[in-house]
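Below is one structure; the comments refer to it alone.
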Amino acid sequence: MMRGRSLGPRFRWLWSAYAVSAFGTWLGFGAFPMLAILVLHAGPAAVSALAAVGPAVGALVAVPLGPWVDRRRKRPVMVAMDVVRFAALLSVPALYLLGSLSFGQLLAVSVVVAAADITFTSASGAFLKGLVPPEDLLVANGRFESTNWTATALGPPLGGAAFALFGPVTAVAANAVSFLLSALGIRAIGGEEPRPKQAARLRARDLADGWRTILTHPGLRPLYFNVLLFNGLIMATEPLLAVLMLNQLGFTPWQYGLAFAVPCLGGLAGSRLTPRLVRRFGRHPVLLTSGAVRACWLLALAFLPAGGGGLAFVMLVELGLIASCSVFNPVLATYRLEQLPADRVASTLSAWSVSTKASIATLTALWGVLASFTGPRVAIGVAGVLVLVTPLLLPRRDRTPVAV
């Protein structure tokens, strides 16, 4: 965690809860595909379905939960979602020990966890907006961002080691426990949370509230489309890059893991620098510049060479990509919270998350088809060229007032 001015004990509890769940999530990263392949002997089609269908269905399930969260106190919702994720994930090692683990269960758990993830994120964003003063939102989001990149760097290698040393469900069990600890941390925040004034009754038209808020806001609308295209293209190339590095260029698994773990240090550095950059240059220039810079790196991966030079090459490119993203993300998150009315924060954040997951799933499937005809290198290059267009979707001027 990064040092700086204190945001109070209640924020420290929230930050600690976030940290433990983030480390648990990244510790369990890749555990489900490994279980499907090594324990259940699932084929490529089944593993691909596990990676795509579970989160996609989970996002669909989460659609009505955003407006529902707006009508309730956020902290009990967060605790409930942590408990749901704990119970769902704990069922995996439980049934594994009983010899009853199945592919259907993994798929069901991935759906439940994806829906709970989106719901928790929407509730936590709304809770954060009421927890810290507006002038401290950027600092708070920067601390979350730095914690996430630290967990991203450390979690997957440790999870892989736990899988090899202690058994195939160890990382899943640790991830489950992390959500239980997160729930306890959120309960420890204490304090009173006012009941939302909005009526508890949910109507069918309310399901689209989040999208209406985004699409009618002059500042959020271009950022929304920018994020959908950028995140979708970046994530669509991830499996293609794995094929290129592991199958065609002869990198070993540990080299592949190292290539993406070390650059996460750039995320830690970028998120720590973000508040200073905003104070010196202003929020909108930083948002615009980092949003443009983060689009300049993907194309280089289409020219990735083999050998030690190739490993250094991909680490340098990923370092630049992650560092620029780690500046852009907390500024975007802060701006988004500032602009959203308090009674529509959860529904809007939920709509944003659902759309992002749908974009990633769609573009990943399309780029898989493209790579089957062109090869992974050409498909990565096409994505890299298209990503260069995303800065055009960024708002050139900041004309939006801060919502109250």
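The chains in the structure tokens are called A, B, ... from first to last as shown; in each chain the residues are counted from 1, and the ligands are counted from 1 in the order shown.
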Residues within 12 Å of A:Leu229, please, as number ranges by chain. Count only C-alpha atoms; anything in the same chain fewer than 3 positions from it doesn't count.
A: 222-226, 232-236, 295, 355-364, 383-384, 386-394
Show me, as CSV, the residues of stretch 323-397 of chain A having an atom within 6 Å of stretch 272-290 of chain A, each with the closest atom pair and its distance in Å, using only C-alpha atoms.
residue,atom,partner,partner_atom,distance
A:Ser324,CA,A:Ser290,CA,5.4
A:Val327,CA,A:Thr274,CA,5.4
A:Phe328,CA,A:Ser290,CA,5.4
Any chance you could list, as JSON, numbers by chain, the residues in stretch 188-248 of chain A that come up helix (DSSP H, G or I) when DSSP is run on the backbone?
{"A": [204, 205, 206, 207, 208, 209, 210, 211, 212, 213, 214, 215, 220, 221, 222, 223, 224, 225, 226, 227, 228, 229, 230, 231, 232, 233, 234, 235, 236, 238, 239, 240, 241, 242, 243, 244, 245, 246, 247, 248]}
Got a sec: who's within 8 Å of A:Leu131, counting only C-alpha atoms, leaving out chain neighbours fewer than 3 positions off, as an NGL selection string?
:A and (10-11 or 127-128)
Restrict the selected residues to N, CA and C atoms and save them as a compact mmCIF listing (two decimals), in the first residue's frame.
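Everything below was put into again.txt:
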# COMPACT_ATOMS: atom_id res chain seq x y z
N ARG A 10 -12.12 4.72 8.55
CA ARG A 10 -13.15 3.99 7.80
C ARG A 10 -12.64 3.66 6.39
N PHE A 11 -11.93 4.61 5.77
CA PHE A 11 -11.36 4.31 4.45
C PHE A 11 -10.29 3.23 4.57
N PHE A 127 -20.51 3.60 -2.44
CA PHE A 127 -20.15 3.75 -1.03
C PHE A 127 -18.93 4.66 -0.89
N LEU A 128 -17.94 4.50 -1.78
CA LEU A 128 -16.74 5.34 -1.72
C LEU A 128 -17.09 6.81 -1.92
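Shortest atom-to-atom contact with A:Ile189 among A:Gly159, A:Pro253, A:Pro76, A:Gly368: A:Pro76, counting only C-alpha atoms.
With only C-alpha atoms taken into account, the protein and nucleic acid residues at most 7 Å from A:Ala379 (excluding it and anything under 4 positions from it in its own chain) are Trp367, Leu370, Ala371, Thr374, Gly375 and Ala383 of chain A.
When atom CA of A:Val61 is paired with atom CA of A:Asp82, their separation reads 16.7 Å.
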Residue among A:Leu101, A:Val227, A:Leu311, A:Leu38 lying closest to A:Leu332, counting only C-alpha atoms:
A:Val227
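Take atom CA of A:Pro168 and atom CA of A:Leu60: the distance between them is 29.4 Å.
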Please provide as a VMD selection string all residues within 12 Å of A:Pro64, with the sequence filter that same-chain residues fewer than 4 positions apart are discarded (counting only C-alpha atoms).
chain A and resid 58 to 60 68 to 71 115 118 to 119 122 202 to 210 346 to 348 350 to 351 354
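For the residues A:Ala116, A:Leu268, A:Val92, A:Ala140, ranking by smallest atom-to-atom distance to A:Val79 using only C-alpha atoms places A:Ala116 first.
Our summary of the geometry notes that atom CA of A:Ser178 is positioned 9.6 Å from atom CA of A:Arg85.
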Can you tell me which residues surround A:Glu192 at a distance of at most 10 Å, considering only C-alpha atoms, apart from same-chain residues fewer than 2 positions away, and format the answer as a short mmCIF file (atom, residue, chain, number, x, y, z; two decimals) with C-alpha atoms, in the first residue's frame?
data_model
loop_
_atom_site.label_atom_id
_atom_site.label_comp_id
_atom_site.auth_asym_id
_atom_site.auth_seq_id
_atom_site.Cartn_x
_atom_site.Cartn_y
_atom_site.Cartn_z
CA ARG A 73 -27.61 0.80 1.69
CA ARG A 75 -22.32 -1.64 2.82
CA ILE A 189 -15.93 0.12 8.80
CA GLY A 190 -18.73 1.10 11.14
CA PRO A 194 -28.22 6.87 5.24
CA ARG A 195 -31.03 4.97 3.59
#
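Between A:Gly308 and the residues A:Val369, A:Ala259, A:Ala292, A:Val243, the shortest atom-to-atom distance, using only C-alpha atoms, involves A:Ala259.
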Using only C-alpha atoms, which protein or nucleic acid residues come within 10 Å of A:Ala19? Drop anything in the same chain fewer than 6 positions from it, and give the result as a PyMOL selection string.
chain A and resi 1+13+25+143-144+146-148+150-151+178+182
Of A:Val314, A:Ala62, A:Ala153, A:Ile380, the one nearest to A:Glu238 when counting only C-alpha atoms is A:Ile380
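The closest residue to A:Ala31, picked from A:Val53, A:Leu299, A:Val169, A:Ala333 and counting only C-alpha atoms, is A:Val169.
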